[in-house]
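So this one's upload_22.pdb, PDB, N, CA and C atoms:
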MODEL        1
ATOM      1  N   MET A   1      12.954  17.070  18.549
ATOM      2  CA  MET A   1      14.044  16.144  18.756
ATOM      3  C   MET A   1      14.052  15.172  17.580
ATOM      4  N   LYS A   2      15.257  14.911  17.058
ATOM      5  CA  LYS A   2      15.389  14.021  15.903
ATOM      6  C   LYS A   2      15.894  12.646  16.337
ATOM      7  N   PHE A   3      15.435  11.627  15.588
ATOM      8  CA  PHE A   3      15.797  10.244  15.889
ATOM      9  C   PHE A   3      16.100   9.510  14.588
ATOM     10  N   LEU A   4      17.086   8.642  14.631
ATOM     11  CA  LEU A   4      17.339   7.699  13.553
ATOM     12  C   LEU A   4      16.571   6.435  13.919
ATOM     13  N   VAL A   5      15.661   6.001  13.035
ATOM     14  CA  VAL A   5      14.802   4.855  13.325
ATOM     15  C   VAL A   5      14.984   3.798  12.241
ATOM     16  N   ARG A   6      15.287   2.604  12.660
ATOM     17  CA  ARG A   6      15.396   1.457  11.740
ATOM     18  C   ARG A   6      14.304   0.466  12.114
ATOM     19  N   ILE A   7      13.499   0.093  11.118
ATOM     20  CA  ILE A   7      12.382  -0.822  11.348
ATOM     21  C   ILE A   7      12.538  -2.028  10.435
ATOM     22  N   GLU A   8      12.591  -3.202  11.049
ATOM     23  CA  GLU A   8      12.622  -4.454  10.294
ATOM     24  C   GLU A   8      11.336  -5.213  10.615
ATOM     25  N   VAL A   9      10.529  -5.443   9.585
ATOM     26  CA  VAL A   9       9.252  -6.124   9.757
ATOM     27  C   VAL A   9       9.457  -7.613   9.522
ATOM     28  N   ARG A  10       8.950  -8.411  10.449
ATOM     29  CA  ARG A  10       9.053  -9.874  10.350
ATOM     30  C   ARG A  10       7.650 -10.465  10.441
ATOM     31  N   LEU A  11       6.976 -10.517   9.303
ATOM     32  CA  LEU A  11       5.624 -11.071   9.274
ATOM     33  C   LEU A  11       5.686 -12.585   9.403
ATOM     34  N   PRO A  12       4.712 -13.174  10.087
ATOM     35  CA  PRO A  12       4.699 -14.637  10.223
ATOM     36  C   PRO A  12       4.539 -15.292   8.849
ATOM     37  N   PRO A  13       5.276 -16.356   8.590
ATOM     38  CA  PRO A  13       5.196 -17.005   7.285
ATOM     39  C   PRO A  13       3.819 -17.596   6.987
ATOM     40  N   ASP A  14       3.039 -17.878   8.021
ATOM     41  CA  ASP A  14       1.720 -18.465   7.802
ATOM     42  C   ASP A  14       0.604 -17.414   7.745
ATOM     43  N   LEU A  15       0.967 -16.134   7.681
ATOM     44  CA  LEU A  15      -0.032 -15.079   7.571
ATOM     45  C   LEU A  15      -0.717 -15.183   6.207
ATOM     46  N   ALA A  16      -2.030 -15.223   6.206
ATOM     47  CA  ALA A  16      -2.795 -15.353   4.960
ATOM     48  C   ALA A  16      -2.472 -14.188   4.018
ATOM     49  N   PRO A  17      -2.379 -14.455   2.714
ATOM     50  CA  PRO A  17      -2.037 -13.405   1.748
ATOM     51  C   PRO A  17      -2.953 -12.178   1.832
ATOM     52  N   GLU A  18      -4.252 -12.395   2.057
ATOM     53  CA  GLU A  18      -5.183 -11.267   2.154
ATOM     54  C   GLU A  18      -4.878 -10.427   3.399
ATOM     55  N   ALA A  19      -4.603 -11.097   4.505
ATOM     56  CA  ALA A  19      -4.278 -10.400   5.751
ATOM     57  C   ALA A  19      -2.972  -9.632   5.600
ATOM     58  N   ARG A  20      -1.995 -10.230   4.919
ATOM     59  CA  ARG A  20      -0.700  -9.579   4.679
ATOM     60  C   ARG A  20      -0.900  -8.315   3.854
ATOM     61  N   SER A  21      -1.670  -8.420   2.771
ATOM     62  CA  SER A  21      -1.914  -7.261   1.905
ATOM     63  C   SER A  21      -2.627  -6.144   2.662
ATOM     64  N   GLU A  22      -3.619  -6.515   3.450
ATOM     65  CA  GLU A  22      -4.368  -5.521   4.219
ATOM     66  C   GLU A  22      -3.476  -4.842   5.259
ATOM     67  N   LEU A  23      -2.674  -5.630   5.955
ATOM     68  CA  LEU A  23      -1.772  -5.085   6.966
ATOM     69  C   LEU A  23      -0.780  -4.102   6.342
ATOM     70  N   LEU A  24      -0.191  -4.479   5.210
ATOM     71  CA  LEU A  24       0.795  -3.610   4.568
ATOM     72  C   LEU A  24       0.146  -2.354   3.989
ATOM     73  N   GLU A  25      -1.089  -2.446   3.505
ATOM     74  CA  GLU A  25      -1.798  -1.251   3.037
ATOM     75  C   GLU A  25      -2.107  -0.324   4.209
ATOM     76  N   ASP A  26      -2.528  -0.893   5.343
ATOM     77  CA  ASP A  26      -2.758  -0.086   6.549
ATOM     78  C   ASP A  26      -1.457   0.598   6.987
ATOM     79  N   GLU A  27      -0.352  -0.114   6.861
ATOM     80  CA  GLU A  27       0.958   0.436   7.229
ATOM     81  C   GLU A  27       1.312   1.615   6.324
ATOM     82  N   ARG A  28       1.110   1.464   5.019
ATOM     83  CA  ARG A  28       1.397   2.569   4.081
ATOM     84  C   ARG A  28       0.533   3.783   4.415
ATOM     85  N   ARG A  29      -0.741   3.546   4.706
ATOM     86  CA  ARG A  29      -1.654   4.636   5.044
ATOM     87  C   ARG A  29      -1.177   5.368   6.306
ATOM     88  N   ARG A  30      -0.832   4.612   7.332
ATOM     89  CA  ARG A  30      -0.368   5.230   8.585
ATOM     90  C   ARG A  30       0.958   5.953   8.367
ATOM     91  N   GLY A  31       1.837   5.368   7.569
ATOM     92  CA  GLY A  31       3.111   6.017   7.259
ATOM     93  C   GLY A  31       2.911   7.361   6.577
ATOM     94  N   ARG A  32       1.970   7.415   5.632
ATOM     95  CA  ARG A  32       1.674   8.689   4.952
ATOM     96  C   ARG A  32       1.155   9.720   5.959
ATOM     97  N   GLU A  33       0.304   9.283   6.907
ATOM     98  CA  GLU A  33      -0.209  10.199   7.927
ATOM     99  C   GLU A  33       0.926  10.757   8.786
ATOM    100  N   LEU A  34       1.833   9.889   9.191
ATOM    101  CA  LEU A  34       2.966  10.329  10.019
ATOM    102  C   LEU A  34       3.890  11.256   9.239
ATOM    103  N   LYS A  35       4.077  10.991   7.948
ATOM    104  CA  LYS A  35       4.905  11.858   7.090
ATOM    105  C   LYS A  35       4.245  13.228   6.959
ATOM    106  N   GLU A  36       2.944  13.248   6.677
ATOM    107  CA  GLU A  36       2.220  14.512   6.536
ATOM    108  C   GLU A  36       2.216  15.313   7.838
ATOM    109  N   ALA A  37       2.216  14.626   8.983
ATOM    110  CA  ALA A  37       2.234  15.291  10.287
ATOM    111  C   ALA A  37       3.639  15.766  10.677
ATOM    112  N   GLY A  38       4.649  15.406   9.891
ATOM    113  CA  GLY A  38       6.016  15.846  10.159
ATOM    114  C   GLY A  38       6.800  14.943  11.085
ATOM    115  N   LEU A  39       6.230  13.829  11.521
ATOM    116  CA  LEU A  39       6.981  12.917  12.385
ATOM    117  C   LEU A  39       8.039  12.162  11.596
ATOM    118  N   ILE A  40       7.695  11.705  10.400
ATOM    119  CA  ILE A  40       8.692  11.091   9.527
ATOM    120  C   ILE A  40       9.248  12.204   8.647
ATOM    121  N   VAL A  41      10.517  12.526   8.870
ATOM    122  CA  VAL A  41      11.167  13.594   8.115
ATOM    123  C   VAL A  41      11.637  13.067   6.768
ATOM    124  N   ASP A  42      12.264  11.906   6.787
ATOM    125  CA  ASP A  42      12.738  11.253   5.565
ATOM    126  C   ASP A  42      12.846   9.768   5.841
ATOM    127  N   ILE A  43      12.715   8.965   4.789
ATOM    128  CA  ILE A  43      12.700   7.516   4.983
ATOM    129  C   ILE A  43      13.258   6.837   3.739
ATOM    130  N   TRP A  44      13.992   5.760   3.956
ATOM    131  CA  TRP A  44      14.579   4.985   2.869
ATOM    132  C   TRP A  44      14.246   3.513   3.064
ATOM    133  N   ARG A  45      13.993   2.834   1.979
ATOM    134  CA  ARG A  45      13.733   1.398   2.001
ATOM    135  C   ARG A  45      15.069   0.660   1.887
ATOM    136  N   ILE A  46      15.184  -0.471   2.565
ATOM    137  CA  ILE A  46      16.331  -1.348   2.411
ATOM    138  C   ILE A  46      15.942  -2.343   1.312
ATOM    139  N   PRO A  47      16.602  -2.290   0.151
ATOM    140  CA  PRO A  47      16.193  -3.131  -0.982
ATOM    141  C   PRO A  47      16.158  -4.622  -0.629
ATOM    142  N   GLY A  48      15.107  -5.278  -1.123
ATOM    143  CA  GLY A  48      14.973  -6.720  -0.958
ATOM    144  C   GLY A  48      14.468  -7.178   0.391
ATOM    145  N   ARG A  49      14.095  -6.243   1.259
ATOM    146  CA  ARG A  49      13.659  -6.611   2.613
ATOM    147  C   ARG A  49      12.447  -5.781   3.014
ATOM    148  N   LEU A  50      11.714  -6.232   3.991
ATOM    149  CA  LEU A  50      10.677  -5.415   4.609
ATOM    150  C   LEU A  50      11.352  -4.631   5.732
ATOM    151  N   GLU A  51      12.160  -3.676   5.337
ATOM    152  CA  GLU A  51      12.973  -2.930   6.289
ATOM    153  C   GLU A  51      13.167  -1.516   5.770
ATOM    154  N   ASN A  52      13.219  -0.576   6.702
ATOM    155  CA  ASN A  52      13.486   0.807   6.319
ATOM    156  C   ASN A  52      14.282   1.501   7.401
ATOM    157  N   VAL A  53      14.851   2.621   7.014
ATOM    158  CA  VAL A  53      15.576   3.473   7.948
ATOM    159  C   VAL A  53      15.127   4.899   7.662
ATOM    160  N   GLY A  54      14.931   5.661   8.731
ATOM    161  CA  GLY A  54      14.434   7.006   8.521
ATOM    162  C   GLY A  54      14.846   7.968   9.610
ATOM    163  N   ILE A  55      14.642   9.237   9.315
ATOM    164  CA  ILE A  55      14.814  10.299  10.298
ATOM    165  C   ILE A  55      13.418  10.707  10.739
ATOM    166  N   TRP A  56      13.173  10.608  12.030
ATOM    167  CA  TRP A  56      11.887  10.959  12.605
ATOM    168  C   TRP A  56      12.091  12.173  13.519
ATOM    169  N   SER A  57      11.041  12.967  13.676
ATOM    170  CA  SER A  57      11.085  14.123  14.555
ATOM    171  C   SER A  57       9.889  14.053  15.500
ATOM    172  N   ALA A  58      10.153  14.130  16.794
ATOM    173  CA  ALA A  58       9.085  14.077  17.794
ATOM    174  C   ALA A  58       9.469  14.983  18.960
ATOM    175  N   GLN A  59       8.479  15.332  19.773
ATOM    176  CA  GLN A  59       8.731  16.199  20.934
ATOM    177  C   GLN A  59       9.685  15.555  21.929
ATOM    178  N   GLY A  60       9.749  14.243  21.931
ATOM    179  CA  GLY A  60      10.627  13.536  22.849
ATOM    180  C   GLY A  60      10.435  12.037  22.689
ATOM    181  N   PRO A  61      11.140  11.254  23.489
ATOM    182  CA  PRO A  61      11.070   9.795  23.376
ATOM    183  C   PRO A  61       9.670   9.216  23.557
ATOM    184  N   THR A  62       8.883   9.777  24.457
ATOM    185  CA  THR A  62       7.538   9.247  24.677
ATOM    186  C   THR A  62       6.658   9.463  23.451
ATOM    187  N   ALA A  63       6.731  10.642  22.859
ATOM    188  CA  ALA A  63       5.948  10.932  21.645
ATOM    189  C   ALA A  63       6.390  10.025  20.504
ATOM    190  N   LEU A  64       7.687   9.789  20.389
ATOM    191  CA  LEU A  64       8.177   8.885  19.348
ATOM    192  C   LEU A  64       7.668   7.474  19.590
ATOM    193  N   HIS A  65       7.735   7.022  20.822
ATOM    194  CA  HIS A  65       7.254   5.685  21.174
ATOM    195  C   HIS A  65       5.780   5.520  20.778
ATOM    196  N   GLU A  66       4.967   6.509  21.099
ATOM    197  CA  GLU A  66       3.545   6.450  20.757
ATOM    198  C   GLU A  66       3.342   6.375  19.247
ATOM    199  N   ALA A  67       4.113   7.157  18.498
ATOM    200  CA  ALA A  67       3.997   7.132  17.035
ATOM    201  C   ALA A  67       4.415   5.772  16.486
ATOM    202  N   LEU A  68       5.498   5.222  16.988
ATOM    203  CA  LEU A  68       5.959   3.918  16.511
ATOM    204  C   LEU A  68       4.966   2.818  16.866
ATOM    205  N   ARG A  69       4.379   2.873  18.048
ATOM    206  CA  ARG A  69       3.402   1.862  18.456
ATOM    207  C   ARG A  69       2.106   1.975  17.649
ATOM    208  N   SER A  70       1.888   3.125  17.010
ATOM    209  CA  SER A  70       0.681   3.308  16.201
ATOM    210  C   SER A  70       0.794   2.650  14.827
ATOM    211  N   LEU A  71       1.991   2.186  14.486
ATOM    212  CA  LEU A  71       2.175   1.512  13.199
ATOM    213  C   LEU A  71       1.478   0.157  13.219
ATOM    214  N   PRO A  72       0.687  -0.152  12.204
ATOM    215  CA  PRO A  72      -0.004  -1.443  12.178
ATOM    216  C   PRO A  72       0.928  -2.658  12.284
ATOM    217  N   VAL A  73       2.162  -2.548  11.807
ATOM    218  CA  VAL A  73       3.093  -3.679  11.857
ATOM    219  C   VAL A  73       3.938  -3.696  13.133
ATOM    220  N   ALA A  74       3.678  -2.806  14.059
ATOM    221  CA  ALA A  74       4.527  -2.685  15.251
ATOM    222  C   ALA A  74       4.694  -4.011  15.991
ATOM    223  N   GLY A  75       3.645  -4.814  16.047
ATOM    224  CA  GLY A  75       3.733  -6.093  16.741
ATOM    225  C   GLY A  75       4.596  -7.118  16.035
ATOM    226  N   TYR A  76       4.914  -6.859  14.778
ATOM    227  CA  TYR A  76       5.735  -7.766  13.975
ATOM    228  C   TYR A  76       7.104  -7.163  13.651
ATOM    229  N   ALA A  77       7.432  -6.048  14.285
ATOM    230  CA  ALA A  77       8.635  -5.315  13.884
ATOM    231  C   ALA A  77       9.680  -5.271  14.985
ATOM    232  N   GLU A  78      10.919  -5.312  14.541
ATOM    233  CA  GLU A  78      12.040  -5.001  15.426
ATOM    234  C   GLU A  78      12.407  -3.564  15.109
ATOM    235  N   ILE A  79      12.321  -2.693  16.112
ATOM    236  CA  ILE A  79      12.537  -1.264  15.911
ATOM    237  C   ILE A  79      13.742  -0.828  16.729
ATOM    238  N   GLU A  80      14.667  -0.183  16.062
ATOM    239  CA  GLU A  80      15.879   0.326  16.715
ATOM    240  C   GLU A  80      15.876   1.845  16.603
ATOM    241  N   VAL A  81      16.019   2.529  17.731
ATOM    242  CA  VAL A  81      15.969   3.988  17.768
ATOM    243  C   VAL A  81      17.275   4.538  18.324
ATOM    244  N   THR A  82      17.796   5.566  17.663
ATOM    245  CA  THR A  82      18.974   6.271  18.142
ATOM    246  C   THR A  82      18.632   7.761  18.198
ATOM    247  N   ALA A  83      18.718   8.356  19.385
ATOM    248  CA  ALA A  83      18.491   9.797  19.509
ATOM    249  C   ALA A  83      19.656  10.531  18.841
ATOM    250  N   LEU A  84      19.342  11.620  18.183
ATOM    251  CA  LEU A  84      20.363  12.387  17.474
ATOM    252  C   LEU A  84      20.525  13.765  18.111
ATOM    253  N   ALA A  85      21.755  14.250  18.113
ATOM    254  CA  ALA A  85      22.061  15.591  18.613
ATOM    255  C   ALA A  85      22.686  16.406  17.481
ATOM    256  N   ARG A  86      22.411  17.673  17.498
ATOM    257  CA  ARG A  86      22.941  18.574  16.472
ATOM    258  C   ARG A  86      24.461  18.554  16.517
ATOM    259  N   HIS A  87      25.082  18.502  15.347
ATOM    260  CA  HIS A  87      26.535  18.530  15.232
ATOM    261  C   HIS A  87      26.994  19.978  15.066
ATOM    262  N   PRO A  88      28.132  20.340  15.648
ATOM    263  CA  PRO A  88      28.609  21.726  15.533
ATOM    264  C   PRO A  88      28.867  22.177  14.089
ATOM    265  N   LEU A  89      29.090  21.256  13.177
ATOM    266  CA  LEU A  89      29.328  21.638  11.785
ATOM    267  C   LEU A  89      28.044  21.969  11.025
ATOM    268  N   THR A  90      26.889  21.711  11.647
ATOM    269  CA  THR A  90      25.617  22.021  11.006
ATOM    270  C   THR A  90      25.455  23.522  10.925
ATOM    271  N   ASP A  91      25.197  24.011   9.736
ATOM    272  CA  ASP A  91      25.066  25.442   9.533
ATOM    273  C   ASP A  91      23.603  25.777   9.259
ATOM    274  N   ASP A  92      22.795  25.784  10.342
ATOM    275  CA  ASP A  92      21.385  26.103  10.162
ATOM    276  C   ASP A  92      20.906  27.187  11.120
ATOM    277  N   GLY A  93      21.841  27.832  11.798
ATOM    278  CA  GLY A  93      21.480  28.926  12.679
ATOM    279  C   GLY A  93      21.048  28.532  14.080
ATOM    280  N   ASP A  94      21.026  27.244  14.387
ATOM    281  CA  ASP A  94      20.656  26.814  15.740
ATOM    282  C   ASP A  94      21.711  27.241  16.748
ATOM    283  N   ASP A  95      21.268  27.537  17.940
ATOM    284  CA  ASP A  95      22.195  27.828  19.040
ATOM    285  C   ASP A  95      22.832  26.508  19.465
ATOM    286  N   LEU A  96      24.137  26.431  19.441
ATOM    287  CA  LEU A  96      24.836  25.174  19.728
ATOM    288  C   LEU A  96      25.381  25.131  21.160
ATOM    289  N   ALA A  97      24.878  25.946  22.032
ATOM    290  CA  ALA A  97      25.389  26.037  23.406
ATOM    291  C   ALA A  97      25.570  24.749  24.091
TER     292      ALA A  97
ENDMDL
END
C-alpha coordinates encoding of this file:
Amino acid sequence: MKFLVRIEVRLPPDLAPEARSELLEDERRRGRELKEAGLIVDIWRIPGRLENVGIWSAQGPTALHEALRSLPVAGYAEIEVTALARHPLTDDGDDLA
(Lines of atoms letter the chains of each structure in order from A and count residues from 1; the text may use other names and numbers.)
(Lines give C-alpha, C1' and ligand atoms only; values in the text may rest on other atoms or scores of the structure.)
Protein backbone atom coordinates (compact mmCIF):
# COMPACT_ATOMS: atom_id res chain seq x y z
CA MET A 1 0.00 0.00 0.00
CA LYS A 2 1.35 3.42 -0.96
CA PHE A 3 1.09 6.61 1.09
CA LEU A 4 1.91 10.26 0.53
CA VAL A 5 3.69 11.41 3.71
CA ARG A 6 4.53 15.00 4.62
CA ILE A 7 6.74 15.53 7.67
CA GLU A 8 7.39 18.93 9.21
CA VAL A 9 9.94 18.88 12.03
CA ARG A 10 9.60 21.52 14.74
CA LEU A 11 12.60 21.27 17.03
CA PRO A 12 12.44 23.29 20.25
CA PRO A 13 14.39 26.55 19.92
CA ASP A 14 16.19 25.86 23.20
CA LEU A 15 17.49 22.45 22.10
CA ALA A 16 21.26 22.38 22.65
CA PRO A 17 23.27 22.44 19.39
CA GLU A 18 24.96 19.11 20.21
CA ALA A 19 21.61 17.45 20.93
CA ARG A 20 20.17 18.90 17.70
CA SER A 21 23.09 17.57 15.64
CA GLU A 22 22.86 14.14 17.24
CA LEU A 23 19.09 13.95 16.76
CA LEU A 24 19.32 14.92 13.08
CA GLU A 25 22.15 12.43 12.46
CA ASP A 26 20.05 9.69 14.10
CA GLU A 27 17.17 10.76 11.84
CA ARG A 28 19.33 10.50 8.70
CA ARG A 29 20.53 7.05 9.79
CA ARG A 30 16.98 5.81 10.41
CA GLY A 31 15.80 7.34 7.13
CA ARG A 32 18.50 5.45 5.22
CA GLU A 33 17.40 2.21 6.95
CA LEU A 34 13.77 2.79 5.97
CA LYS A 35 14.80 3.63 2.38
CA GLU A 36 16.94 0.48 2.13
CA ALA A 37 14.04 -1.59 3.52
CA GLY A 38 11.74 -0.20 0.80
CA LEU A 39 9.40 1.71 3.11
CA ILE A 40 10.52 5.07 1.75
CA VAL A 41 10.05 4.80 -2.01
CA ASP A 42 11.02 8.39 -2.82
CA ILE A 43 11.48 11.55 -0.81
CA TRP A 44 11.92 15.26 -1.47
CA ARG A 45 13.12 18.05 0.80
CA ILE A 46 11.14 21.28 1.09
CA PRO A 47 13.85 23.95 0.56
CA GLY A 48 14.60 26.21 3.52
CA ARG A 49 12.67 24.12 6.04
CA LEU A 50 13.02 20.99 8.14
CA GLU A 51 10.27 19.45 6.06
CA ASN A 52 9.93 16.72 3.48
CA VAL A 53 7.35 14.96 1.38
CA GLY A 54 7.64 11.40 0.21
CA ILE A 55 6.04 8.28 -1.14
CA TRP A 56 6.11 5.48 1.41
CA SER A 57 5.12 1.84 0.94
CA ALA A 58 3.88 -0.32 3.82
CA GLN A 59 1.69 -3.39 4.32
CA GLY A 60 -1.00 -1.13 5.74
CA PRO A 61 -1.70 1.83 8.02
CA THR A 62 -0.47 0.10 11.17
CA ALA A 63 2.89 -0.81 9.60
CA LEU A 64 3.24 2.76 8.33
CA HIS A 65 2.41 4.15 11.76
CA GLU A 66 5.08 1.96 13.36
CA ALA A 67 7.68 3.08 10.80
CA LEU A 68 6.83 6.75 11.30
CA ARG A 69 6.94 6.42 15.10
CA SER A 70 10.42 4.87 14.75
CA LEU A 71 11.78 8.16 13.43
CA PRO A 72 13.95 9.87 16.06
CA VAL A 73 12.23 13.22 15.37
CA ALA A 74 8.70 11.79 15.58
CA GLY A 75 8.04 13.54 18.89
CA TYR A 76 8.90 16.88 17.30
CA ALA A 77 7.14 16.34 13.98
CA GLU A 78 3.79 17.10 12.47
CA ILE A 79 3.11 14.18 10.13
CA GLU A 80 0.37 14.18 7.51
CA VAL A 81 -0.49 10.92 5.75
CA THR A 82 -2.68 10.38 2.70
CA ALA A 83 -3.42 6.83 1.53
CA LEU A 84 -3.02 6.45 -2.22
CA ALA A 85 -4.97 4.27 -4.65
CA ARG A 86 -3.87 3.15 -8.08
CA HIS A 87 -5.19 5.36 -10.88
CA PRO A 88 -6.73 3.69 -13.96
CA LEU A 89 -4.29 5.56 -16.22
CA THR A 90 -1.33 3.81 -14.57
CA ASP A 91 0.17 1.41 -17.06
CA ASP A 92 2.02 -1.09 -14.89
CA GLY A 93 0.02 -4.26 -15.41
CA ASP A 94 -1.83 -4.16 -12.08
CA ASP A 95 -5.36 -5.53 -11.99
CA LEU A 96 -7.57 -2.45 -11.65
CA ALA A 97 -10.76 -4.30 -10.67
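When the PyMOL selection byres ((chain A and resi 10-22) around 8) is evaluated against the file, it yields Ile7, Glu8, Val9, Leu23, Leu24, Glu25, Asp26, Glu27, Arg28, Leu50, Glu51, Val73, Gly75, Tyr76, Ala77 and Glu78 of chain A.
Among the candidates A:Ala85, A:Leu34, A:Ile46, A:Ile55, the residue lying nearest to Ala67 of chain A is A:Leu34 (atoms considered: only N, CA and C atoms).
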A straight line from atom C of Val53 of chain A to atom N of Ala83 of chain A spans 12.7 Å
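Of note, atom CA of Arg32 of chain A and atom CA of Pro72 of chain A are spaced 12.6 Å apart.
One distance worth recording is that between atom N of Trp44 of chain A and atom C of Leu71 of chain A, which is 16.5 Å.
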Run DSSP on the backbone and tell me which residues of chain A come out as helix (DSSP H, G or I); list them as an MDAnalysis selection string. chainID A and resid 17:36 61:69 74:76
What parts of chain A does DSSP call strand (DSSP E)? I'd like the answer as a list of chain:residue names.
A:Lys2, A:Phe3, A:Leu4, A:Val5, A:Arg6, A:Ile7, A:Glu8, A:Val9, A:Ile40, A:Val41, A:Asp42, A:Ile43, A:Trp44, A:Arg45, A:Glu51, A:Asn52, A:Val53, A:Gly54, A:Ile55, A:Trp56, A:Ser57, A:Ala77, A:Glu78, A:Ile79, A:Glu80, A:Val81, A:Thr82, A:Ala83, A:Leu84
